Amino acid sequence: MSQYPDAPGAGSETPNLDFAGTTPYEDYVQADVLTHLQHPRSDDPGEMVFLVTTQVMELWFTVIVHEWETAATALREDNLPVAMDALKRSLRELEALNASWRPLAHLTPAQFNSYRSALGEGSGFQSAMYRRMEFLLGDKSASMLVPHRGAPRVHAELEKALHQPGLYDETLRLLARRGLPVPAGVLDRDLAQKYEPSPEVEEVWAEVYRGDQNDELVRLGEVLTDVGELVWRWRNDHLVATRRAMGSKVGTGGSAGVAWLEKRATKNVFPELWTARSHV
């Protein structure tokens, strides 16, 4: 759909080009704001790619958090169609997020070092929106709020997310309402703590998967498995890009760098959905 009067295939009528203020497109998209948020701190031309790519990732984090919060609310309300729609949209968004690594995936150490000092102590580990994604996936930790104490709004949003049920919590509550034997200790767990796998929940999923393959709970399990797979791919792509760009050096934010990412990459999201498959 062209916005330009001389574009190929454009009709004979010229669109309105005269507006009293900014264009309606600008009012809606805020493109002028978005395209002036880049302030490189080095003279290296590669820094612009790194900066814009990182900002694009933050926007995808924001959309995915929106989808998962929508899905969690719908699951709480037993509205499975709305939850499934949001989760399926998030799959396409996760694929786009993962593709964001491509501009950075082949950085050599020398190329990254040419502007790495501009990051100072900055690190993706400090992303508040990514942390909200992790909280929704059940990876909770109150210590992750500490870096954001100086930003009251961000800190308050993270603290709220810390104590709210995650996507998997709402899924397991739905399974319990459908009559499946999810343990009370899982349903009543301290939501501010990291979710820990349960053998009883593993058996619940095995029971679901032994049943009718067209059942809506099987379809829910599969879309959550798709989410988990794409999150795993995100973590591994992050690991590979970091390994290529900086080897085993300490991360920019003082983390263990590759060693920390390797540990993260071994963990499955929604663990019993994966382990239950061995018992079907």
# chains A, B, ... in the order shown; residues from 1 in each chain; ligands from 1
>>> select_by_dssp(residues="stretch 187-228 of chain A", states="alpha helix (DSSP H)", output="ChimeraX atom specification")
/A:187,199-210,216-228
>>> closest_residue(among="A:Glu196, A:Val154, A:Asp43, A:Phe112", to="A:Gly247", atoms="only C-alpha atoms")
A:Phe112
>>> residues_around(residues="A:Met84", least_positions_apart="4", cutoff="9 Å", atoms="only C-alpha atoms", output="count of residues only")
9
>>> residues_around(residues="A:Asp188", least_positions_apart="6", cutoff="12 Å", atoms="only C-alpha atoms", output="PyMOL selection string")
chain A and resi 165+169-170+172-173+176+182+195
>>> closest_residue(among="A:Ala161, A:Leu145, A:Leu137, A:Leu187", to="A:Leu224", atoms="only C-alpha atoms")
A:Leu137
>>> residues_around(residues="A:Glu272", least_positions_apart="3", cutoff="12 Å", atoms="only C-alpha atoms", output="PDB file with N, CA, C and O atoms, in the first residue's frame")
ATOM      1  N   TYR A 168       2.763 -19.681  32.953  1.00  0.00           N
ATOM      2  CA  TYR A 168       2.643 -21.096  33.304  1.00  0.00           C
ATOM      3  C   TYR A 168       1.789 -21.291  34.547  1.00  0.00           C
ATOM      4  O   TYR A 168       1.037 -22.260  34.644  1.00  0.00           O
ATOM      5  N   LEU A 172      -1.418 -23.781  34.673  1.00  0.00           N
ATOM      6  CA  LEU A 172      -1.612 -24.874  35.631  1.00  0.00           C
ATOM      7  C   LEU A 172      -2.898 -24.679  36.432  1.00  0.00           C
ATOM      8  O   LEU A 172      -3.591 -25.657  36.751  1.00  0.00           O
ATOM      9  N   TYR A 195       9.879 -20.719  39.481  1.00  0.00           N
ATOM     10  CA  TYR A 195       9.103 -21.953  39.364  1.00  0.00           C
ATOM     11  C   TYR A 195      10.047 -23.152  39.345  1.00  0.00           C
ATOM     12  O   TYR A 195      11.048 -23.162  38.631  1.00  0.00           O
ATOM     13  N   GLU A 196       9.710 -24.167  40.145  1.00  0.00           N
ATOM     14  CA  GLU A 196      10.507 -25.388  40.186  1.00  0.00           C
ATOM     15  C   GLU A 196       9.687 -26.546  39.632  1.00  0.00           C
ATOM     16  O   GLU A 196       8.497 -26.673  39.937  1.00  0.00           O
ATOM     17  N   PRO A 197      10.290 -27.417  38.827  1.00  0.00           N
ATOM     18  CA  PRO A 197       9.553 -28.536  38.229  1.00  0.00           C
ATOM     19  C   PRO A 197       8.952 -29.462  39.276  1.00  0.00           C
ATOM     20  O   PRO A 197       9.498 -29.625  40.375  1.00  0.00           O
ATOM     21  N   SER A 198       7.837 -30.079  38.921  1.00  0.00           N
ATOM     22  CA  SER A 198       7.115 -30.980  39.817  1.00  0.00           C
ATOM     23  C   SER A 198       6.830 -32.298  39.107  1.00  0.00           C
ATOM     24  O   SER A 198       6.283 -32.283  37.992  1.00  0.00           O
ATOM     25  N   PRO A 199       7.150 -33.439  39.714  1.00  0.00           N
ATOM     26  CA  PRO A 199       6.818 -34.737  39.102  1.00  0.00           C
ATOM     27  C   PRO A 199       5.322 -34.907  38.887  1.00  0.00           C
ATOM     28  O   PRO A 199       4.900 -35.518  37.902  1.00  0.00           O
ATOM     29  N   GLU A 200       4.523 -34.347  39.820  1.00  0.00           N
ATOM     30  CA  GLU A 200       3.068 -34.453  39.676  1.00  0.00           C
ATOM     31  C   GLU A 200       2.565 -33.663  38.467  1.00  0.00           C
ATOM     32  O   GLU A 200       1.662 -34.115  37.753  1.00  0.00           O
ATOM     33  N   VAL A 201       3.143 -32.491  38.238  1.00  0.00           N
ATOM     34  CA  VAL A 201       2.755 -31.698  37.068  1.00  0.00           C
ATOM     35  C   VAL A 201       3.208 -32.405  35.797  1.00  0.00           C
ATOM     36  O   VAL A 201       2.496 -32.406  34.780  1.00  0.00           O
ATOM     37  N   GLU A 202       4.378 -33.024  35.833  1.00  0.00           N
ATOM     38  CA  GLU A 202       4.849 -33.803  34.694  1.00  0.00           C
ATOM     39  C   GLU A 202       3.829 -34.880  34.335  1.00  0.00           C
ATOM     40  O   GLU A 202       3.498 -35.076  33.151  1.00  0.00           O
ATOM     41  N   GLU A 203       3.290 -35.574  35.338  1.00  0.00           N
ATOM     42  CA  GLU A 203       2.293 -36.619  35.084  1.00  0.00           C
ATOM     43  C   GLU A 203       0.984 -36.029  34.572  1.00  0.00           C
ATOM     44  O   GLU A 203       0.310 -36.645  33.732  1.00  0.00           O
ATOM     45  N   VAL A 204       0.615 -34.845  35.035  1.00  0.00           N
ATOM     46  CA  VAL A 204      -0.587 -34.179  34.520  1.00  0.00           C
ATOM     47  C   VAL A 204      -0.451 -33.954  33.016  1.00  0.00           C
ATOM     48  O   VAL A 204      -1.375 -34.255  32.242  1.00  0.00           O
ATOM     49  N   TRP A 205       0.688 -33.438  32.600  1.00  0.00           N
ATOM     50  CA  TRP A 205       0.890 -33.194  31.165  1.00  0.00           C
ATOM     51  C   TRP A 205       0.947 -34.503  30.386  1.00  0.00           C
ATOM     52  O   TRP A 205       0.428 -34.588  29.262  1.00  0.00           O
ATOM     53  N   ALA A 206       1.544 -35.529  30.971  1.00  0.00           N
ATOM     54  CA  ALA A 206       1.574 -36.833  30.303  1.00  0.00           C
ATOM     55  C   ALA A 206       0.152 -37.351  30.095  1.00  0.00           C
ATOM     56  O   ALA A 206      -0.172 -37.897  29.027  1.00  0.00           O
ATOM     57  N   GLU A 207      -0.699 -37.147  31.094  1.00  0.00           N
ATOM     58  CA  GLU A 207      -2.104 -37.553  30.980  1.00  0.00           C
ATOM     59  C   GLU A 207      -2.808 -36.780  29.874  1.00  0.00           C
ATOM     60  O   GLU A 207      -3.571 -37.346  29.082  1.00  0.00           O
ATOM     61  N   VAL A 208      -2.554 -35.476  29.808  1.00  0.00           N
ATOM     62  CA  VAL A 208      -3.154 -34.655  28.749  1.00  0.00           C
ATOM     63  C   VAL A 208      -2.728 -35.175  27.385  1.00  0.00           C
ATOM     64  O   VAL A 208      -3.551 -35.350  26.472  1.00  0.00           O
ATOM     65  N   TYR A 209      -1.439 -35.463  27.231  1.00  0.00           N
ATOM     66  CA  TYR A 209      -0.902 -35.859  25.925  1.00  0.00           C
ATOM     67  C   TYR A 209      -1.265 -37.291  25.542  1.00  0.00           C
ATOM     68  O   TYR A 209      -1.178 -37.652  24.355  1.00  0.00           O
ATOM     69  N   GLY A 221      -0.859 -26.945  25.225  1.00  0.00           N
ATOM     70  CA  GLY A 221       0.479 -27.445  25.554  1.00  0.00           C
ATOM     71  C   GLY A 221       1.449 -27.279  24.407  1.00  0.00           C
ATOM     72  O   GLY A 221       2.621 -26.918  24.605  1.00  0.00           O
ATOM     73  N   LEU A 224       2.492 -23.578  23.929  1.00  0.00           N
ATOM     74  CA  LEU A 224       3.443 -23.220  24.988  1.00  0.00           C
ATOM     75  C   LEU A 224       4.809 -23.855  24.725  1.00  0.00           C
ATOM     76  O   LEU A 224       5.853 -23.250  24.995  1.00  0.00           O
ATOM     77  N   THR A 225       4.806 -25.062  24.178  1.00  0.00           N
ATOM     78  CA  THR A 225       6.067 -25.707  23.811  1.00  0.00           C
ATOM     79  C   THR A 225       6.761 -24.926  22.701  1.00  0.00           C
ATOM     80  O   THR A 225       7.991 -24.763  22.710  1.00  0.00           O
ATOM     81  N   GLY A 228       8.376 -22.035  24.327  1.00  0.00           N
ATOM     82  CA  GLY A 228       9.585 -22.476  25.016  1.00  0.00           C
ATOM     83  C   GLY A 228      10.734 -22.739  24.061  1.00  0.00           C
ATOM     84  O   GLY A 228      11.885 -22.399  24.345  1.00  0.00           O
ATOM     85  N   LYS A 267      18.594 -24.347  30.174  1.00  0.00           N
ATOM     86  CA  LYS A 267      17.336 -24.426  30.922  1.00  0.00           C
ATOM     87  C   LYS A 267      16.131 -24.362  29.990  1.00  0.00           C
ATOM     88  O   LYS A 267      16.059 -23.516  29.102  1.00  0.00           O
ATOM     89  N   ASN A 268      15.185 -25.268  30.215  1.00  0.00           N
ATOM     90  CA  ASN A 268      13.960 -25.273  29.435  1.00  0.00           C
ATOM     91  C   ASN A 268      12.888 -24.405  30.084  1.00  0.00           C
ATOM     92  O   ASN A 268      12.758 -24.374  31.312  1.00  0.00           O
ATOM     93  N   VAL A 269      12.128 -23.712  29.276  1.00  0.00           N
ATOM     94  CA  VAL A 269      10.949 -22.979  29.738  1.00  0.00           C
ATOM     95  C   VAL A 269       9.791 -23.967  29.802  1.00  0.00           C
ATOM     96  O   VAL A 269       9.653 -24.818  28.918  1.00  0.00           O
ATOM     97  N   THR A 275       9.645 -32.776  29.704  1.00  0.00           N
ATOM     98  CA  THR A 275       9.955 -34.061  30.325  1.00  0.00           C
ATOM     99  C   THR A 275       8.792 -35.039  30.252  1.00  0.00           C
ATOM    100  O   THR A 275       8.997 -36.256  30.215  1.00  0.00           O
ATOM    101  N   ALA A 276       7.557 -34.531  30.213  1.00  0.00           N
ATOM    102  CA  ALA A 276       6.386 -35.408  30.156  1.00  0.00           C
ATOM    103  C   ALA A 276       6.366 -36.263  28.907  1.00  0.00           C
ATOM    104  O   ALA A 276       5.785 -37.367  28.871  1.00  0.00           O
ATOM    105  N   ARG A 277       7.020 -35.800  27.846  1.00  0.00           N
ATOM    106  CA  ARG A 277       6.993 -36.519  26.565  1.00  0.00           C
ATOM    107  C   ARG A 277       7.660 -37.888  26.665  1.00  0.00           C
ATOM    108  O   ARG A 277       7.371 -38.782  25.858  1.00  0.00           O
ATOM    109  N   SER A 278       8.543 -38.048  27.632  1.00  0.00           N
ATOM    110  CA  SER A 278       9.190 -39.350  27.825  1.00  0.00           C
ATOM    111  C   SER A 278       8.252 -40.379  28.422  1.00  0.00           C
ATOM    112  O   SER A 278       8.576 -41.569  28.456  1.00  0.00           O
ATOM    113  N   HIS A 279       7.073 -39.943  28.903  1.00  0.00           N
ATOM    114  CA  HIS A 279       6.158 -40.837  29.615  1.00  0.00           C
ATOM    115  C   HIS A 279       4.833 -41.010  28.878  1.00  0.00           C
ATOM    116  O   HIS A 279       3.860 -41.483  29.449  1.00  0.00           O
TER     117      HIS A 279
END
>>> residues_around(residues="stretch 117-133 of chain A", least_positions_apart="6", cutoff="10 Å", atoms="only C-alpha atoms", output="PyMOL selection string")
chain A and resi 40-43+47+51+54+57-66+68-69+139-141+144-148+154-155+157-162+166-167+251-255
>>> write_last_selection(atoms="N, CA and C atoms", output="CSV table (one decimal), in the first residue's frame")
chain,number,residue,atom,x,y,z
A,40,PRO,N,25.0,7.5,19.2
A,40,PRO,CA,26.2,6.8,19.3
A,40,PRO,C,27.3,7.5,20.2
A,41,ARG,N,28.1,6.8,20.9
A,41,ARG,CA,29.1,7.3,21.7
A,41,ARG,C,30.5,7.1,21.2
A,42,SER,N,30.7,6.6,20.0
A,42,SER,CA,32.0,6.4,19.4
A,42,SER,C,31.9,6.9,18.0
A,43,ASP,N,33.1,6.9,17.3
A,43,ASP,CA,33.1,7.3,15.9
A,43,ASP,C,33.0,6.1,15.0
A,47,GLU,N,28.7,1.0,15.4
A,47,GLU,CA,28.0,1.2,16.7
A,47,GLU,C,26.5,1.5,16.4
A,51,LEU,N,23.4,-0.3,18.2
A,51,LEU,CA,22.4,0.5,19.0
A,51,LEU,C,21.0,0.3,18.5
A,54,THR,N,19.6,-3.2,19.2
A,54,THR,CA,19.3,-3.4,20.6
A,54,THR,C,17.9,-2.7,20.9
A,57,MET,N,15.1,-4.8,19.6
A,57,MET,CA,14.9,-5.9,20.5
A,57,MET,C,14.0,-5.4,21.7
A,58,GLU,N,14.3,-4.3,22.2
A,58,GLU,CA,13.5,-3.7,23.3
A,58,GLU,C,12.0,-3.6,22.9
A,59,LEU,N,11.8,-3.1,21.7
A,59,LEU,CA,10.4,-3.0,21.2
A,59,LEU,C,9.7,-4.4,21.0
A,60,TRP,N,10.5,-5.4,20.6
A,60,TRP,CA,9.9,-6.7,20.5
A,60,TRP,C,9.6,-7.3,21.9
A,61,PHE,N,10.5,-7.0,22.9
A,61,PHE,CA,10.2,-7.4,24.2
A,61,PHE,C,8.9,-6.9,24.7
A,62,THR,N,8.7,-5.6,24.4
A,62,THR,CA,7.5,-4.9,24.8
A,62,THR,C,6.2,-5.5,24.2
A,63,VAL,N,6.3,-5.9,23.0
A,63,VAL,CA,5.1,-6.5,22.3
A,63,VAL,C,4.9,-7.9,22.9
A,64,ILE,N,5.9,-8.6,23.1
A,64,ILE,CA,5.8,-10.0,23.6
A,64,ILE,C,5.2,-10.0,25.0
A,65,VAL,N,5.7,-9.1,25.9
A,65,VAL,CA,5.1,-9.0,27.2
A,65,VAL,C,3.7,-8.7,27.1
A,66,HIS,N,3.3,-7.8,26.2
A,66,HIS,CA,1.9,-7.5,26.1
A,66,HIS,C,1.1,-8.7,25.7
A,68,TRP,N,1.8,-11.9,26.2
A,68,TRP,CA,1.8,-12.9,27.3
A,68,TRP,C,0.9,-12.5,28.5
A,69,GLU,N,0.9,-11.2,28.7
A,69,GLU,CA,0.0,-10.7,29.8
A,69,GLU,C,-1.4,-10.9,29.3
A,139,ASP,N,10.7,-17.4,35.7
A,139,ASP,CA,12.0,-17.2,36.2
A,139,ASP,C,12.1,-16.0,37.0
A,140,LYS,N,11.6,-16.1,38.3
A,140,LYS,CA,11.5,-15.0,39.2
A,140,LYS,C,12.7,-14.9,40.1
A,141,SER,N,13.1,-13.7,40.5
A,141,SER,CA,14.1,-13.4,41.5
A,141,SER,C,14.0,-12.0,41.9
A,144,MET,N,16.7,-9.3,40.9
A,144,MET,CA,16.7,-8.7,39.6
A,144,MET,C,16.0,-7.3,39.6
A,145,LEU,N,15.4,-6.9,40.7
A,145,LEU,CA,14.9,-5.6,40.8
A,145,LEU,C,15.9,-4.6,41.2
A,146,VAL,N,17.0,-5.0,41.8
A,146,VAL,CA,18.0,-4.1,42.4
A,146,VAL,C,18.6,-3.1,41.4
A,147,PRO,N,18.9,-3.6,40.1
A,147,PRO,CA,19.5,-2.6,39.2
A,147,PRO,C,18.5,-1.4,38.9
A,148,HIS,N,17.3,-1.6,39.2
A,148,HIS,CA,16.3,-0.6,38.7
A,148,HIS,C,15.7,0.3,39.9
A,154,VAL,N,9.8,2.0,36.6
A,154,VAL,CA,10.3,0.7,36.1
A,154,VAL,C,10.3,-0.3,37.3
A,155,HIS,N,10.9,0.2,38.4
A,155,HIS,CA,11.0,-0.7,39.6
A,155,HIS,C,9.6,-1.2,40.0
A,157,GLU,N,6.8,-1.5,38.2
A,157,GLU,CA,6.3,-2.4,37.3
A,157,GLU,C,6.9,-3.8,37.4
A,158,LEU,N,8.2,-3.8,37.7
A,158,LEU,CA,8.9,-5.1,37.9
A,158,LEU,C,8.4,-5.8,39.2
A,159,GLU,N,8.3,-5.0,40.2
A,159,GLU,CA,7.9,-5.5,41.5
A,159,GLU,C,6.5,-6.1,41.4
A,160,LYS,N,5.6,-5.4,40.7
A,160,LYS,CA,4.2,-5.9,40.5
A,160,LYS,C,4.3,-7.3,39.7
A,161,ALA,N,5.1,-7.3,38.7
A,161,ALA,CA,5.3,-8.5,37.9
A,161,ALA,C,5.8,-9.7,38.7
A,162,LEU,N,6.7,-9.3,39.6
A,162,LEU,CA,7.4,-10.4,40.5
A,162,LEU,C,6.3,-11.1,41.3
A,166,GLY,N,2.6,-16.0,36.7
A,166,GLY,CA,3.2,-16.0,35.3
A,166,GLY,C,2.3,-16.8,34.4
A,167,LEU,N,2.7,-16.9,33.1
A,167,LEU,CA,2.0,-17.6,32.1
A,167,LEU,C,1.7,-19.0,32.4
A,251,GLY,N,31.5,-10.1,30.8
A,251,GLY,CA,30.5,-9.3,30.1
A,251,GLY,C,30.5,-7.8,30.5
A,252,THR,N,29.9,-7.0,29.6
A,252,THR,CA,30.0,-5.5,29.9
A,252,THR,C,29.4,-5.1,31.2
A,253,GLY,N,28.4,-5.8,31.7
A,253,GLY,CA,27.8,-5.5,32.9
A,253,GLY,C,28.4,-6.1,34.1
A,254,GLY,N,29.6,-6.8,33.9
A,254,GLY,CA,30.2,-7.5,35.0
A,254,GLY,C,29.8,-8.9,35.2
A,255,SER,N,28.9,-9.4,34.3
A,255,SER,CA,28.5,-10.8,34.4
A,255,SER,C,29.6,-11.7,33.9
>>> residues_around(residues="A:Arg243", least_positions_apart="3", cutoff="12 Å", atoms="only C-alpha atoms", output="JSON, numbers by chain")
{"A": [104, 105, 106, 107, 108, 109, 112, 236, 237, 238, 239, 240, 246, 247, 248, 249, 250, 251, 256, 257, 258, 259, 260, 261, 262]}
>>> write_last_selection(atoms="C-alpha atoms", output="mmCIF file, in the first residue's frame")
data_model
loop_
_atom_site.group_PDB
_atom_site.id
_atom_site.type_symbol
_atom_site.label_atom_id
_atom_site.label_comp_id
_atom_site.auth_asym_id
_atom_site.auth_seq_id
_atom_site.Cartn_x
_atom_site.Cartn_y
_atom_site.Cartn_z
ATOM 1 C CA LEU A 104 25.198 -8.763 15.081
ATOM 2 C CA ALA A 105 25.726 -12.487 14.629
ATOM 3 C CA HIS A 106 29.061 -12.261 12.803
ATOM 4 C CA LEU A 107 30.872 -9.516 14.690
ATOM 5 C CA THR A 108 34.570 -10.242 15.094
ATOM 6 C CA PRO A 109 36.210 -9.376 18.430
ATOM 7 C CA PHE A 112 32.971 -5.297 18.706
ATOM 8 C CA ASN A 236 21.338 -19.901 22.181
ATOM 9 C CA ASP A 237 21.568 -17.253 19.454
ATOM 10 C CA HIS A 238 22.576 -14.763 22.153
ATOM 11 C CA LEU A 239 25.217 -17.198 23.374
ATOM 12 C CA VAL A 240 26.664 -17.800 19.903
ATOM 13 C CA MET A 246 34.064 -11.508 22.753
ATOM 14 C CA GLY A 247 35.009 -15.090 23.513
ATOM 15 C CA SER A 248 35.089 -15.840 27.235
ATOM 16 C CA LYS A 249 35.728 -12.275 28.428
ATOM 17 C CA VAL A 250 33.753 -10.825 31.323
ATOM 18 C CA GLY A 251 30.456 -9.309 30.131
ATOM 19 C CA ALA A 256 30.394 -13.980 33.616
ATOM 20 C CA GLY A 257 29.622 -13.385 29.943
ATOM 21 C CA VAL A 258 29.603 -16.588 27.901
ATOM 22 C CA ALA A 259 29.689 -18.815 31.007
ATOM 23 C CA TRP A 260 26.506 -17.181 32.326
ATOM 24 C CA LEU A 261 24.794 -17.463 28.925
ATOM 25 C CA GLU A 262 25.794 -21.129 28.636
#
>>> closest_residue(among="A:Leu273, A:Leu91, A:Val33, A:Val218", to="A:Trp234", atoms="only C-alpha atoms")
A:Leu91
>>> closest_residue(among="A:Ala99, A:Ala83, A:Leu136, A:Ala142", to="A:Val56", atoms="only C-alpha atoms")
A:Ala99
>>> atom_distance(atom1="atom CA of A:Lys194", atom2="atom CA of A:Glu134")
10.0 Å
>>> atom_distance(atom1="atom CA of A:Arg177", atom2="atom CA of A:Glu77")
11.0 Å
>>> decode(residues="stretch 163-185 of chain A", atoms="N, CA and C atoms", output="PDB file, in the first residue's frame")
ATOM      1  N   HIS A 163       5.284 -10.460  41.724  1.00  0.00           N
ATOM      2  CA  HIS A 163       4.296 -11.070  42.613  1.00  0.00           C
ATOM      3  C   HIS A 163       3.041 -11.550  41.892  1.00  0.00           C
ATOM      4  N   GLN A 164       2.993 -11.372  40.576  1.00  0.00           N
ATOM      5  CA  GLN A 164       1.835 -11.824  39.816  1.00  0.00           C
ATOM      6  C   GLN A 164       2.052 -13.230  39.262  1.00  0.00           C
ATOM      7  N   PRO A 165       0.965 -13.966  39.027  1.00  0.00           N
ATOM      8  CA  PRO A 165       1.111 -15.280  38.392  1.00  0.00           C
ATOM      9  C   PRO A 165       1.703 -15.131  36.999  1.00  0.00           C
ATOM     10  N   GLY A 166       2.609 -16.013  36.661  1.00  0.00           N
ATOM     11  CA  GLY A 166       3.177 -16.013  35.323  1.00  0.00           C
ATOM     12  C   GLY A 166       2.286 -16.766  34.351  1.00  0.00           C
ATOM     13  N   LEU A 167       2.733 -16.875  33.128  1.00  0.00           N
ATOM     14  CA  LEU A 167       1.978 -17.551  32.079  1.00  0.00           C
ATOM     15  C   LEU A 167       1.748 -19.018  32.429  1.00  0.00           C
ATOM     16  N   TYR A 168       2.763 -19.681  32.953  1.00  0.00           N
ATOM     17  CA  TYR A 168       2.643 -21.096  33.304  1.00  0.00           C
ATOM     18  C   TYR A 168       1.789 -21.291  34.547  1.00  0.00           C
ATOM     19  N   ASP A 169       1.883 -20.363  35.498  1.00  0.00           N
ATOM     20  CA  ASP A 169       1.024 -20.433  36.689  1.00  0.00           C
ATOM     21  C   ASP A 169      -0.439 -20.430  36.281  1.00  0.00           C
ATOM     22  N   GLU A 170      -0.800 -19.537  35.382  1.00  0.00           N
ATOM     23  CA  GLU A 170      -2.204 -19.451  34.953  1.00  0.00           C
ATOM     24  C   GLU A 170      -2.600 -20.692  34.154  1.00  0.00           C
ATOM     25  N   THR A 171      -1.663 -21.264  33.419  1.00  0.00           N
ATOM     26  CA  THR A 171      -1.942 -22.498  32.679  1.00  0.00           C
ATOM     27  C   THR A 171      -2.237 -23.638  33.640  1.00  0.00           C
ATOM     28  N   LEU A 172      -1.418 -23.781  34.673  1.00  0.00           N
ATOM     29  CA  LEU A 172      -1.612 -24.874  35.631  1.00  0.00           C
ATOM     30  C   LEU A 172      -2.898 -24.679  36.432  1.00  0.00           C
ATOM     31  N   ARG A 173      -3.264 -23.447  36.714  1.00  0.00           N
ATOM     32  CA  ARG A 173      -4.527 -23.187  37.397  1.00  0.00           C
ATOM     33  C   ARG A 173      -5.705 -23.573  36.509  1.00  0.00           C
ATOM     34  N   LEU A 174      -5.567 -23.321  35.211  1.00  0.00           N
ATOM     35  CA  LEU A 174      -6.604 -23.730  34.263  1.00  0.00           C
ATOM     36  C   LEU A 174      -6.737 -25.246  34.242  1.00  0.00           C
ATOM     37  N   LEU A 175      -5.599 -25.945  34.195  1.00  0.00           N
ATOM     38  CA  LEU A 175      -5.640 -27.407  34.211  1.00  0.00           C
ATOM     39  C   LEU A 175      -6.337 -27.925  35.462  1.00  0.00           C
ATOM     40  N   ALA A 176      -6.067 -27.284  36.602  1.00  0.00           N
ATOM     41  CA  ALA A 176      -6.709 -27.696  37.862  1.00  0.00           C
ATOM     42  C   ALA A 176      -8.216 -27.477  37.793  1.00  0.00           C
ATOM     43  N   ARG A 177      -8.633 -26.356  37.222  1.00  0.00           N
ATOM     44  CA  ARG A 177     -10.075 -26.096  37.106  1.00  0.00           C
ATOM     45  C   ARG A 177     -10.743 -27.073  36.150  1.00  0.00           C
ATOM     46  N   ARG A 178      -9.961 -27.649  35.237  1.00  0.00           N
ATOM     47  CA  ARG A 178     -10.507 -28.651  34.319  1.00  0.00           C
ATOM     48  C   ARG A 178     -10.508 -30.051  34.944  1.00  0.00           C
ATOM     49  N   GLY A 179     -10.153 -30.131  36.216  1.00  0.00           N
ATOM     50  CA  GLY A 179     -10.244 -31.400  36.930  1.00  0.00           C
ATOM     51  C   GLY A 179      -8.969 -32.215  36.966  1.00  0.00           C
ATOM     52  N   LEU A 180      -7.867 -31.686  36.469  1.00  0.00           N
ATOM     53  CA  LEU A 180      -6.607 -32.416  36.489  1.00  0.00           C
ATOM     54  C   LEU A 180      -5.902 -32.224  37.833  1.00  0.00           C
ATOM     55  N   PRO A 181      -5.190 -33.252  38.306  1.00  0.00           N
ATOM     56  CA  PRO A 181      -4.644 -33.228  39.677  1.00  0.00           C
ATOM     57  C   PRO A 181      -3.343 -32.434  39.832  1.00  0.00           C
ATOM     58  N   VAL A 182      -3.417 -31.135  39.591  1.00  0.00           N
ATOM     59  CA  VAL A 182      -2.260 -30.274  39.842  1.00  0.00           C
ATOM     60  C   VAL A 182      -2.134 -30.104  41.357  1.00  0.00           C
ATOM     61  N   PRO A 183      -0.968 -30.376  41.944  1.00  0.00           N
ATOM     62  CA  PRO A 183      -0.824 -30.320  43.405  1.00  0.00           C
ATOM     63  C   PRO A 183      -1.127 -28.939  43.982  1.00  0.00           C
ATOM     64  N   ALA A 184      -1.726 -28.915  45.160  1.00  0.00           N
ATOM     65  CA  ALA A 184      -2.038 -27.651  45.834  1.00  0.00           C
ATOM     66  C   ALA A 184      -0.767 -26.855  46.101  1.00  0.00           C
ATOM     67  N   GLY A 185       0.330 -27.552  46.403  1.00  0.00           N
ATOM     68  CA  GLY A 185       1.585 -26.859  46.677  1.00  0.00           C
ATOM     69  C   GLY A 185       2.097 -26.083  45.473  1.00  0.00           C
TER      70      GLY A 185
END
